[in-house]
Amino acid sequence: MRNLIRPAFELTKKVLTRLRAMERMGRRVMPRVPAWGWALIWLRSSFLPSQNYLIILAVVVGILTGFGSVGFVMVLYAIGDFARGMASTVLGMFGSAQLVLLPALGGLMVGPLIQRFAKEAKGHGVPEVMTALATRGGVIRTRVVMVKIIASSLTIGFGGTAGREGPMVQIGAALGSAIGQWARLTARNIRTLVACGAAGGVAATFNAPIAGAIFAMEVLVGRIQTDFLLVLLTSLSSSIIARHYLGDDPAVHAPAYYLISPGELPLYFIMGIVVGLAAVSYVRLLYASEDFFGKWNFPEHLKPAVGGLVVGLILRFFPEVYGSGFPAIESALWTRYTWSLLLCLFAMEMLANCATLGSGGSGGVFAPGLYMGAMLGGAFGAVVHFVYPDWTATSGAYAMVGMAAFFAAAAKAPTTSILILFEMTGDYHIMLPLMAATVGSVYLSHRLMPYSIYILKLNRRGIAYPYSDEEADAARPRAM
């Protein structure tokens with residue numbers, strides 16, 4: 001302990017001596033530093049070289065992200081209850097058009113909010129975090145936290161087809177960036193805390209601490225590195241907070257499924273090819289919808305309302321695509337839908353999600369990817385089980401595997417997809433079919449699409465990703 005305290009004491013003594021000398025010479029010196037400021041200086045000078053300081057900050061980021069997740073979920077539930085309650089009652093005067101107008105009303109509130117306060121809260125959020133990592137040294141405006149919470153809650157709560165994990169990634173990343181700037185860290189360490197916050201967001205959203213950490217490394221950073229322990233620590237801290245307030249239940253409840261016969265594995269691989277092709281089509285359609293709304297000569301703040309109107313028309317006939325869609329996912333896992341309805345829900349979810357995010361709504365693509373994978377995989381499984389009933393599982397098993405295979409192909413993140421399905425369902429017995437389908441979907445995705453759903457947006461902006469540490473370190477943080 002003496003080896004730690006004495007250098008810090010000597011450093012503080014030299015600083016105070018220098019300041020007193022400057023005051024005697026009549027020079028202007030820094031304002032008086034409060035007691036907590038000197039404690040922070042001592043903490044940094046004593047512990048930062050040994051990484052202990054970053055460990056403390058990583059835990060703080062995890063705790064704040066956990067509380068941010070809890071707050072976001074509560075706001076989302078409150079707005080959802082309001083939308084399905086009072087707002088629906090008011091819109092009841094329009095009769096059967098009530099459900100059609102509900103998402104449009106949400107978009108009408110989201111558009112001006114995003115345009116006025118934080119344009120980076122538009123869309124699914126993860127590319128904005130990646131842009132900050134690659135071009136701004138990890139600096140993200142703190143106002144993004146509140147704007148993203150409100151905008152995403154309005155979008156999803158009023159029926160917009162989007163996920164809540166994208167907003168939580170952006171919220172956690174913004175909290176990590178704010179802590180890093182407050183502590184006056186280097187750009188490299190700020191980027192580490194941004195990745196920590198993103199991991200905490202995914203972990204708290206899906207109750208999946210391991211998959212959250214892997215997501216941050218595999219998708220945001222692009223590689224597993226020494227900072228992984230810090231990211232894992234933040235993910236753990238965030239999950240503890242979220243579990244305390246939101247419960248320890250898995251994200252989806254599903255029956256246990258098994259590999260009925262080794263002959264099923266080729267069928268799962270074929271399903272992975274089909275799902276991979278669908279994922280590539282989804283990514284292309286999403287960006288085509290963004291281009292369409294971007295080129296459309298129409299007031300920017302009203303575009304989300306138009307997208308919401310399109311979603312409302314879909315909800316009029318397929319209410320199962322409302323919001324994040326987890327109740328419908330569970331129904332597919334419990335084999336409650338016919339193969340024809342599963343196919344219809346897959347197509348409608350894709351159109352609704354593209355209309356929601358392409359028009360400027362706020363939400364994620366993770367949950368919609370799981371939804372589309374579950375519906376398409378379930379439809380494939382229903383047909384296969386009808387043809388080979390004796391040695392194949394029911395459609396629910398294929399729906400479960402399809403969830404991970406679809407997102408793995410869209411995000412080019414097979415490790416994250418496999419782990420998150422395991423943590424979301426708590427079922428390890430389906431691992432071999434899951435690996436076979438994921439290999440097939442990711443293989444086709446790499447053949448047809450060079451970039452993931454996240455990196456494609458950066459590529460369209462002319463930003464190289466994954467970034468090199470030297471180039472990213474050159475971008476110094478700015479007060480925003």
# chains A, B, ... in the order shown; residues from 1 in each chain; ligands from 1
>>> select_by_dssp(residues="stretch 98-272 of chain A", states="alpha helix (DSSP H)", output="ChimeraX atom specification")
/A:98-117,126-135,143-157,165-182,187-206,209-215,228-246,264-272
>>> residues_around(residues="A:Tyr371", least_positions_apart="3", cutoff="6 Å", atoms="only C-alpha atoms", output="PyMOL selection string")
chain A and resi 329+368+374
>>> write_last_selection(atoms="all heavy atoms", output="compact mmCIF listing (two decimals), in the first residue's frame")
# COMPACT_ATOMS: atom_id res chain seq x y z
N ILE A 329 -43.50 -14.73 -31.23
CA ILE A 329 -42.35 -15.64 -31.27
C ILE A 329 -42.60 -16.86 -30.39
O ILE A 329 -42.35 -18.01 -30.79
CB ILE A 329 -41.06 -14.90 -30.84
CG1 ILE A 329 -40.67 -13.86 -31.88
CG2 ILE A 329 -39.92 -15.89 -30.63
CD1 ILE A 329 -39.46 -13.03 -31.49
N PRO A 368 -36.67 -7.99 -34.42
CA PRO A 368 -37.31 -8.34 -35.70
C PRO A 368 -36.60 -9.46 -36.44
O PRO A 368 -37.24 -10.28 -37.10
CB PRO A 368 -37.26 -7.02 -36.49
CG PRO A 368 -37.25 -5.97 -35.45
CD PRO A 368 -36.43 -6.54 -34.33
N ALA A 374 -37.82 -16.97 -36.65
CA ALA A 374 -38.73 -17.93 -36.03
C ALA A 374 -39.87 -18.29 -36.97
O ALA A 374 -40.25 -19.47 -37.10
CB ALA A 374 -39.28 -17.34 -34.73
>>> atom_distance(atom1="atom CA of A:Phe406", atom2="atom CA of A:Asp249")
23.6 Å
>>> residues_around(residues="A:Phe215", least_positions_apart="5", cutoff="9 Å", atoms="only C-alpha atoms", output="PyMOL selection string")
chain A and resi 198-199+202+210+220-221+413+415-417
>>> write_last_selection(atoms="all heavy atoms", output="PDB file, in the first residue's frame")
ATOM      1  N   ALA A 198     -22.449  -0.892 -24.476  1.00  0.00           N
ATOM      2  CA  ALA A 198     -23.224  -1.625 -25.471  1.00  0.00           C
ATOM      3  C   ALA A 198     -23.466  -3.062 -25.020  1.00  0.00           C
ATOM      4  O   ALA A 198     -24.570  -3.605 -25.159  1.00  0.00           O
ATOM      5  CB  ALA A 198     -22.501  -1.610 -26.816  1.00  0.00           C
ATOM      6  N   ALA A 199     -22.442  -3.690 -24.462  1.00  0.00           N
ATOM      7  CA  ALA A 199     -22.593  -5.048 -23.951  1.00  0.00           C
ATOM      8  C   ALA A 199     -23.611  -5.102 -22.825  1.00  0.00           C
ATOM      9  O   ALA A 199     -24.452  -6.007 -22.754  1.00  0.00           O
ATOM     10  CB  ALA A 199     -21.241  -5.580 -23.463  1.00  0.00           C
ATOM     11  N   VAL A 202     -27.261  -5.006 -24.254  1.00  0.00           N
ATOM     12  CA  VAL A 202     -27.745  -6.296 -24.772  1.00  0.00           C
ATOM     13  C   VAL A 202     -27.978  -7.278 -23.628  1.00  0.00           C
ATOM     14  O   VAL A 202     -28.982  -8.006 -23.596  1.00  0.00           O
ATOM     15  CB  VAL A 202     -26.749  -6.880 -25.790  1.00  0.00           C
ATOM     16  CG1 VAL A 202     -27.159  -8.280 -26.216  1.00  0.00           C
ATOM     17  CG2 VAL A 202     -26.646  -5.971 -27.012  1.00  0.00           C
ATOM     18  N   ILE A 210     -23.387 -13.209 -21.102  1.00  0.00           N
ATOM     19  CA  ILE A 210     -22.280 -13.696 -21.934  1.00  0.00           C
ATOM     20  C   ILE A 210     -22.473 -13.243 -23.379  1.00  0.00           C
ATOM     21  O   ILE A 210     -21.545 -12.734 -24.020  1.00  0.00           O
ATOM     22  CB  ILE A 210     -22.174 -15.229 -21.848  1.00  0.00           C
ATOM     23  CG1 ILE A 210     -21.910 -15.668 -20.410  1.00  0.00           C
ATOM     24  CG2 ILE A 210     -21.068 -15.736 -22.762  1.00  0.00           C
ATOM     25  CD1 ILE A 210     -21.880 -17.170 -20.218  1.00  0.00           C
ATOM     26  N   LEU A 220     -19.320  -4.825 -32.576  1.00  0.00           N
ATOM     27  CA  LEU A 220     -18.841  -3.450 -32.474  1.00  0.00           C
ATOM     28  C   LEU A 220     -17.336  -3.340 -32.677  1.00  0.00           C
ATOM     29  O   LEU A 220     -16.853  -2.542 -33.473  1.00  0.00           O
ATOM     30  CB  LEU A 220     -19.221  -2.856 -31.114  1.00  0.00           C
ATOM     31  CG  LEU A 220     -20.713  -2.625 -30.850  1.00  0.00           C
ATOM     32  CD1 LEU A 220     -20.896  -1.910 -29.525  1.00  0.00           C
ATOM     33  CD2 LEU A 220     -21.341  -1.815 -31.973  1.00  0.00           C
ATOM     34  N   VAL A 221     -16.591  -4.134 -31.921  1.00  0.00           N
ATOM     35  CA  VAL A 221     -15.126  -4.032 -31.980  1.00  0.00           C
ATOM     36  C   VAL A 221     -14.566  -4.816 -33.154  1.00  0.00           C
ATOM     37  O   VAL A 221     -13.593  -4.421 -33.779  1.00  0.00           O
ATOM     38  CB  VAL A 221     -14.511  -4.505 -30.645  1.00  0.00           C
ATOM     39  CG1 VAL A 221     -12.987  -4.415 -30.687  1.00  0.00           C
ATOM     40  CG2 VAL A 221     -15.054  -3.682 -29.488  1.00  0.00           C
ATOM     41  N   ALA A 413     -22.748 -12.508 -37.271  1.00  0.00           N
ATOM     42  CA  ALA A 413     -22.308 -12.706 -35.891  1.00  0.00           C
ATOM     43  C   ALA A 413     -22.765 -14.076 -35.409  1.00  0.00           C
ATOM     44  O   ALA A 413     -23.668 -14.182 -34.570  1.00  0.00           O
ATOM     45  CB  ALA A 413     -22.864 -11.603 -35.000  1.00  0.00           C
ATOM     46  N   THR A 415     -21.293 -16.380 -33.456  1.00  0.00           N
ATOM     47  CA  THR A 415     -21.044 -16.678 -32.049  1.00  0.00           C
ATOM     48  C   THR A 415     -22.078 -16.019 -31.150  1.00  0.00           C
ATOM     49  O   THR A 415     -22.640 -16.649 -30.240  1.00  0.00           O
ATOM     50  CB  THR A 415     -19.632 -16.210 -31.640  1.00  0.00           C
ATOM     51  OG1 THR A 415     -18.674 -16.742 -32.552  1.00  0.00           O
ATOM     52  CG2 THR A 415     -19.300 -16.667 -30.231  1.00  0.00           C
ATOM     53  N   THR A 416     -22.348 -14.747 -31.408  1.00  0.00           N
ATOM     54  CA  THR A 416     -23.365 -14.034 -30.634  1.00  0.00           C
ATOM     55  C   THR A 416     -24.720 -14.711 -30.763  1.00  0.00           C
ATOM     56  O   THR A 416     -25.449 -14.898 -29.775  1.00  0.00           O
ATOM     57  CB  THR A 416     -23.468 -12.579 -31.109  1.00  0.00           C
ATOM     58  OG1 THR A 416     -22.217 -11.920 -30.895  1.00  0.00           O
ATOM     59  CG2 THR A 416     -24.554 -11.839 -30.357  1.00  0.00           C
ATOM     60  N   SER A 417     -25.090 -15.098 -31.973  1.00  0.00           N
ATOM     61  CA  SER A 417     -26.408 -15.685 -32.219  1.00  0.00           C
ATOM     62  C   SER A 417     -26.571 -17.010 -31.498  1.00  0.00           C
ATOM     63  O   SER A 417     -27.625 -17.285 -30.906  1.00  0.00           O
ATOM     64  CB  SER A 417     -26.609 -15.875 -33.726  1.00  0.00           C
ATOM     65  OG  SER A 417     -26.504 -14.641 -34.407  1.00  0.00           O
TER      66      SER A 417
END
>>> residues_around(residues="A:Gly396", least_positions_apart="5", cutoff="7 Å", atoms="only C-alpha atoms", output="list in words")
Ala332, Leu333, Trp334, Thr335 and Gly378 of chain A
>>> write_last_selection(atoms="C-alpha atoms", output="PDB file, in the first residue's frame")
ATOM      1  CA  ALA A 332     -44.275 -20.060 -33.041  1.00  0.00           C
ATOM      2  CA  LEU A 333     -42.006 -21.908 -30.600  1.00  0.00           C
ATOM      3  CA  TRP A 334     -45.035 -23.679 -29.109  1.00  0.00           C
ATOM      4  CA  THR A 335     -46.292 -24.655 -32.618  1.00  0.00           C
ATOM      5  CA  GLY A 378     -41.215 -22.632 -38.271  1.00  0.00           C
TER       6      GLY A 378
END
>>> closest_residue(among="A:Ala397, A:Leu193, A:Ala278, A:Val231", to="A:Ala347", atoms="only C-alpha atoms")
A:Ala278
>>> residues_around(residues="A:Ala151", least_positions_apart="6", cutoff="9 Å", atoms="only C-alpha atoms", output="PyMOL selection string")
chain A and resi 106-107+109-111+113-114+121-122+361-363
>>> write_last_selection(atoms="all heavy atoms", output="CSV table (one decimal), in the first residue's frame")
chain,number,residue,atom,x,y,z
A,106,GLY,N,-47.9,7.5,-33.2
A,106,GLY,CA,-46.6,7.4,-32.6
A,106,GLY,C,-45.5,8.0,-33.5
A,106,GLY,O,-44.6,8.7,-33.0
A,107,GLY,N,-45.5,7.7,-34.8
A,107,GLY,CA,-44.6,8.3,-35.7
A,107,GLY,C,-44.7,9.8,-35.8
A,107,GLY,O,-43.7,10.5,-35.9
A,109,MET,N,-45.3,11.8,-33.3
A,109,MET,CA,-44.6,12.3,-32.2
A,109,MET,C,-43.1,12.1,-32.3
A,109,MET,O,-42.3,12.9,-31.8
A,109,MET,CB,-45.1,11.7,-30.9
A,109,MET,CG,-46.6,12.1,-30.6
A,109,MET,SD,-47.2,11.4,-29.0
A,109,MET,CE,-47.5,9.7,-29.5
A,110,VAL,N,-42.7,11.0,-32.9
A,110,VAL,CA,-41.3,10.6,-32.9
A,110,VAL,C,-40.5,11.5,-33.9
A,110,VAL,O,-39.4,12.0,-33.5
A,110,VAL,CB,-41.1,9.1,-33.3
A,110,VAL,CG1,-39.6,8.8,-33.7
A,110,VAL,CG2,-41.6,8.2,-32.2
A,111,GLY,N,-41.1,11.8,-35.0
A,111,GLY,CA,-40.3,12.6,-36.0
A,111,GLY,C,-39.8,13.9,-35.5
A,111,GLY,O,-38.6,14.2,-35.6
A,113,LEU,N,-39.4,15.0,-32.5
A,113,LEU,CA,-38.5,14.8,-31.4
A,113,LEU,C,-37.1,14.5,-31.8
A,113,LEU,O,-36.1,15.1,-31.3
A,113,LEU,CB,-39.0,13.6,-30.5
A,113,LEU,CG,-38.2,13.2,-29.3
A,113,LEU,CD1,-38.2,14.3,-28.3
A,113,LEU,CD2,-38.7,11.9,-28.7
A,114,ILE,N,-37.0,13.6,-32.8
A,114,ILE,CA,-35.6,13.2,-33.3
A,114,ILE,C,-35.0,14.4,-34.1
A,114,ILE,O,-33.8,14.7,-33.9
A,114,ILE,CB,-35.7,12.0,-34.2
A,114,ILE,CG1,-36.1,10.7,-33.3
A,114,ILE,CG2,-34.4,11.7,-34.9
A,114,ILE,CD1,-36.3,9.5,-34.1
A,121,ALA,N,-30.6,9.5,-33.0
A,121,ALA,CA,-31.5,8.6,-32.4
A,121,ALA,C,-32.4,7.9,-33.4
A,121,ALA,O,-33.2,7.0,-33.1
A,121,ALA,CB,-32.4,9.3,-31.3
A,122,LYS,N,-32.3,8.3,-34.6
A,122,LYS,CA,-33.1,7.7,-35.7
A,122,LYS,C,-32.6,6.3,-36.1
A,122,LYS,O,-31.4,6.1,-36.0
A,122,LYS,CB,-33.0,8.6,-36.9
A,122,LYS,CG,-33.6,8.1,-38.2
A,122,LYS,CD,-33.4,9.1,-39.4
A,122,LYS,CE,-33.9,8.6,-40.7
A,122,LYS,NZ,-33.7,9.5,-41.8
A,361,GLY,N,-38.3,5.9,-37.9
A,361,GLY,CA,-38.6,5.5,-36.6
A,361,GLY,C,-37.4,5.0,-35.8
A,361,GLY,O,-36.3,4.8,-36.3
A,362,SER,N,-37.6,4.8,-34.5
A,362,SER,CA,-36.5,4.5,-33.6
A,362,SER,C,-36.7,3.1,-33.0
A,362,SER,O,-37.8,2.9,-32.4
A,362,SER,CB,-36.3,5.5,-32.5
A,362,SER,OG,-35.2,5.2,-31.7
A,363,GLY,N,-35.8,2.2,-33.2
A,363,GLY,CA,-35.9,0.9,-32.7
A,363,GLY,C,-34.8,0.0,-33.2
A,363,GLY,O,-34.0,0.4,-34.0
>>> residues_around(residues="stretch 437-452 of chain A", least_positions_apart="6", cutoff="10 Å", atoms="only C-alpha atoms", output="VMD selection string")
chain A and resid 219 265 to 281 283 to 284 377 398 401 to 415 417 to 418 431 458 to 459 465
>>> closest_residue(among="A:Gly125, A:Asn52, A:Trp339, A:Ile79", to="A:Val384", atoms="only C-alpha atoms")
A:Trp339
